[in-house]
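*Asks:* I have a structure I would like to understand better, so I am pasting it below and will then ask my questions one at a time.
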Amino acid sequence: MNCFKVITLAGTVALAVAASVAHANPLTLGASVIYDQSPYKSGKDRWWPVPIVDYETNNFYIHSLKGGYYLWNDPQDQLSLTLMGSPQSFDTSDVDDSDMKQLRKRHMTMMGGFSYRHNSDWGTVRTTVAGDILDNSNGFIWDLTYLYTLDFNRFTLTPGVGVLWNSNHQNNYYYGVNSAESQRSGLKRYDANDSWSPYVELTGAWKIDDNWNATLAGRYTRLASEIKDSPMVSKSSQVLLWSGISYTF
């Protein structure tokens with residue numbers, strides 16, 4: 001799983017839910033399920049239960065897998081320090097091919113950095129720069145997204161387009177094959193460079209009543225050649241779907 005596919009889609013879902021809430025500093029809790037298409041050779045697609053926790057003040061915010069502290073916060077511009085859990089990983093128990101089972105595990109991690117969001121009549125631009133802080137990948141990412149929300153009273157539709165940059169350390173940790181792994185598995189040695197993966201997404205949010213909200217979101221990512229050329233990878237694209245229901249207090 002690509003961590004930022006999940007985290008930035010969670011952020012889009014949070015924006016869609018927040019757009020339908022009129023209370024001051026509301027707390028929103030709920031449950032959601034994510035379908036994540038594995039990019040790995042013989043990898044199993046996954047269903048992930050993810051809690052919805054959304055809370056925001058003038059100083060800090062929590063959006064499910066992501067939290068942060070505002071350095072600047074007004075209706076148009078928000079700049080924050082951010083911390084997020086990365087669910088991206090590779091486990092040999094999740095693949096069927098014997099050669100893939102000879103590779104090392106790639107672990108989940110925690111990432112920290114800066115997020116910026118600009119809101120305007122013509123849409124929202126959101127960007128995040130973050131790096132691994134647990135010494136797993138030692139990698140960095142940069143995510144840039146443009147979103148435009150269409151408001152139909154109790155229903156909002158938010159299409160978006162963006163691009164995700166992974167540093168070479170990030171790609172090598174999750175998609176590279178070193179010499180020892182190559183000898184064990186028979187897969188070719190592979191050192192990945194940094195990459196740019198474009199994506200499109202669509203989020204629909206339905207305000208059922210004054211408290212209940214339902215959300216459905218999807219993202220299609222075209223994997224960069226630096227990722228899809230890895231002998232660990234068998235796909236040129238990935239699909240991510242998110243469905244959830246929440247209650248705002």
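By convention in this document, the chains of the structure tokens carry letters A, B, ... by their order, each chain's residues are numbered from 1, and ligands are numbered from 1 in the order they are shown.
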Please list as a list in words every residue within 9 Å of Leu79 of chain A, counting only C-alpha atoms and excluding residues in the same chain fewer than 4 positions away.

*Replies:*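 Those residues are Tyr69, Tyr70, Leu71, Trp72, Asn73, Phe114, Ser115, Tyr116, Arg117 and His118 of chain A.
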
*Asks:* What are the DSSP alpha helix (DSSP H) residues of segment 14-224 of chain A, as a list in words?

*Replies:*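 Here is the list: Ala14, Leu15, Ala16, Val17, Ala18, Ala19, Asn168, His169, Gln170, Asn171, Asn172, Tyr173, Tyr174, Tyr175, Ser179, Ala180, Glu181, Ser182, Gln183, Arg184 and Ser185 of chain A.
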
*Asks:* Could you write those residues out with N, CA, C and O atoms, as a CSV table (one decimal), in the first residue's frame?

*Replies:*
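Resulting contents of again-v2.csv:
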```
chain,number,residue,atom,x,y,z
A,14,ALA,N,-12.0,14.0,4.8
A,14,ALA,CA,-12.2,14.9,5.9
A,14,ALA,C,-12.7,16.3,5.4
A,14,ALA,O,-13.6,16.9,6.0
A,15,LEU,N,-12.2,16.8,4.3
A,15,LEU,CA,-12.6,18.0,3.7
A,15,LEU,C,-14.1,18.0,3.3
A,15,LEU,O,-14.9,18.9,3.5
A,16,ALA,N,-14.5,16.8,2.6
A,16,ALA,CA,-15.8,16.7,2.2
A,16,ALA,C,-16.8,16.6,3.3
A,16,ALA,O,-17.9,17.2,3.3
A,17,VAL,N,-16.4,15.9,4.4
A,17,VAL,CA,-17.3,15.8,5.6
A,17,VAL,C,-17.4,17.2,6.3
A,17,VAL,O,-18.4,17.7,6.7
A,18,ALA,N,-16.2,17.9,6.4
A,18,ALA,CA,-16.2,19.2,7.0
A,18,ALA,C,-17.1,20.2,6.3
A,18,ALA,O,-17.7,21.1,6.9
A,19,ALA,N,-17.1,20.1,5.0
A,19,ALA,CA,-17.9,21.0,4.2
A,19,ALA,C,-19.4,20.9,4.5
A,19,ALA,O,-20.1,21.9,4.2
A,168,ASN,N,14.3,8.5,-4.0
A,168,ASN,CA,14.9,7.2,-4.3
A,168,ASN,C,15.0,6.3,-3.1
A,168,ASN,O,14.8,5.1,-3.2
A,169,HIS,N,15.2,6.9,-1.9
A,169,HIS,CA,15.2,6.0,-0.7
A,169,HIS,C,13.9,5.4,-0.4
A,169,HIS,O,13.8,4.3,0.0
A,170,GLN,N,12.8,6.2,-0.6
A,170,GLN,CA,11.5,5.7,-0.4
A,170,GLN,C,11.1,4.6,-1.4
A,170,GLN,O,10.6,3.5,-1.0
A,171,ASN,N,11.5,4.8,-2.6
A,171,ASN,CA,11.2,3.7,-3.6
A,171,ASN,C,12.1,2.5,-3.4
A,171,ASN,O,11.6,1.4,-3.6
A,172,ASN,N,13.3,2.7,-3.1
A,172,ASN,CA,14.2,1.6,-2.9
A,172,ASN,C,13.8,0.7,-1.8
A,172,ASN,O,13.9,-0.5,-1.8
A,173,TYR,N,13.3,1.3,-0.7
A,173,TYR,CA,12.9,0.5,0.5
A,173,TYR,C,11.7,-0.4,0.1
A,173,TYR,O,11.7,-1.5,0.5
A,174,TYR,N,10.7,0.2,-0.6
A,174,TYR,CA,9.5,-0.6,-0.8
A,174,TYR,C,9.5,-1.3,-2.1
A,174,TYR,O,8.7,-2.3,-2.3
A,175,TYR,N,10.4,-1.0,-3.1
A,175,TYR,CA,10.3,-1.7,-4.4
A,175,TYR,C,11.7,-2.2,-4.9
A,175,TYR,O,11.8,-2.8,-5.9
A,179,SER,N,21.4,-7.1,-3.6
A,179,SER,CA,22.1,-8.3,-4.2
A,179,SER,C,21.8,-9.6,-3.4
A,179,SER,O,21.6,-10.6,-4.1
A,180,ALA,N,21.7,-9.5,-2.1
A,180,ALA,CA,21.4,-10.7,-1.3
A,180,ALA,C,20.0,-11.3,-1.7
A,180,ALA,O,19.8,-12.5,-1.8
A,181,GLU,N,19.0,-10.4,-1.8
A,181,GLU,CA,17.7,-10.8,-2.2
A,181,GLU,C,17.7,-11.4,-3.6
A,181,GLU,O,16.9,-12.4,-3.8
A,182,SER,N,18.4,-10.8,-4.5
A,182,SER,CA,18.5,-11.3,-5.8
A,182,SER,C,19.0,-12.7,-5.9
A,182,SER,O,18.5,-13.5,-6.6
A,183,GLN,N,20.1,-13.0,-5.1
A,183,GLN,CA,20.6,-14.3,-5.1
A,183,GLN,C,19.7,-15.3,-4.5
A,183,GLN,O,19.6,-16.5,-5.0
A,184,ARG,N,19.0,-14.9,-3.5
A,184,ARG,CA,18.0,-15.9,-2.8
A,184,ARG,C,16.8,-16.2,-3.7
A,184,ARG,O,16.3,-17.3,-3.8
A,185,SER,N,16.3,-15.1,-4.3
A,185,SER,CA,15.0,-15.2,-5.0
A,185,SER,C,15.1,-15.5,-6.5
A,185,SER,O,14.1,-16.0,-7.1
```

*Asks:* By how many Å are atom CA of Ser197 of chain A and atom CA of Leu164 of chain A apart?

*Replies:* 5.2 Å

*Asks:* Which residues are close to Thr109 of chain A, i.e. within 8 Å by only C-alpha atoms, leaving aside same-chain residues fewer than 6 positions away? Reply as a list in words.

*Replies:*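 Everything that qualifies: Gly85, Ser86, Pro87, Gln88, Asp132, Ile133, Leu134 and Asn136 of chain A.
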
*Asks:* Pick from A:Ser167, A:Thr215, A:Ser195, A:Thr82: nearest to Ser243 of chain A, with only C-alpha atoms counted?

*Replies:*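 Nearest to Ser243 of chain A: A:Thr215.
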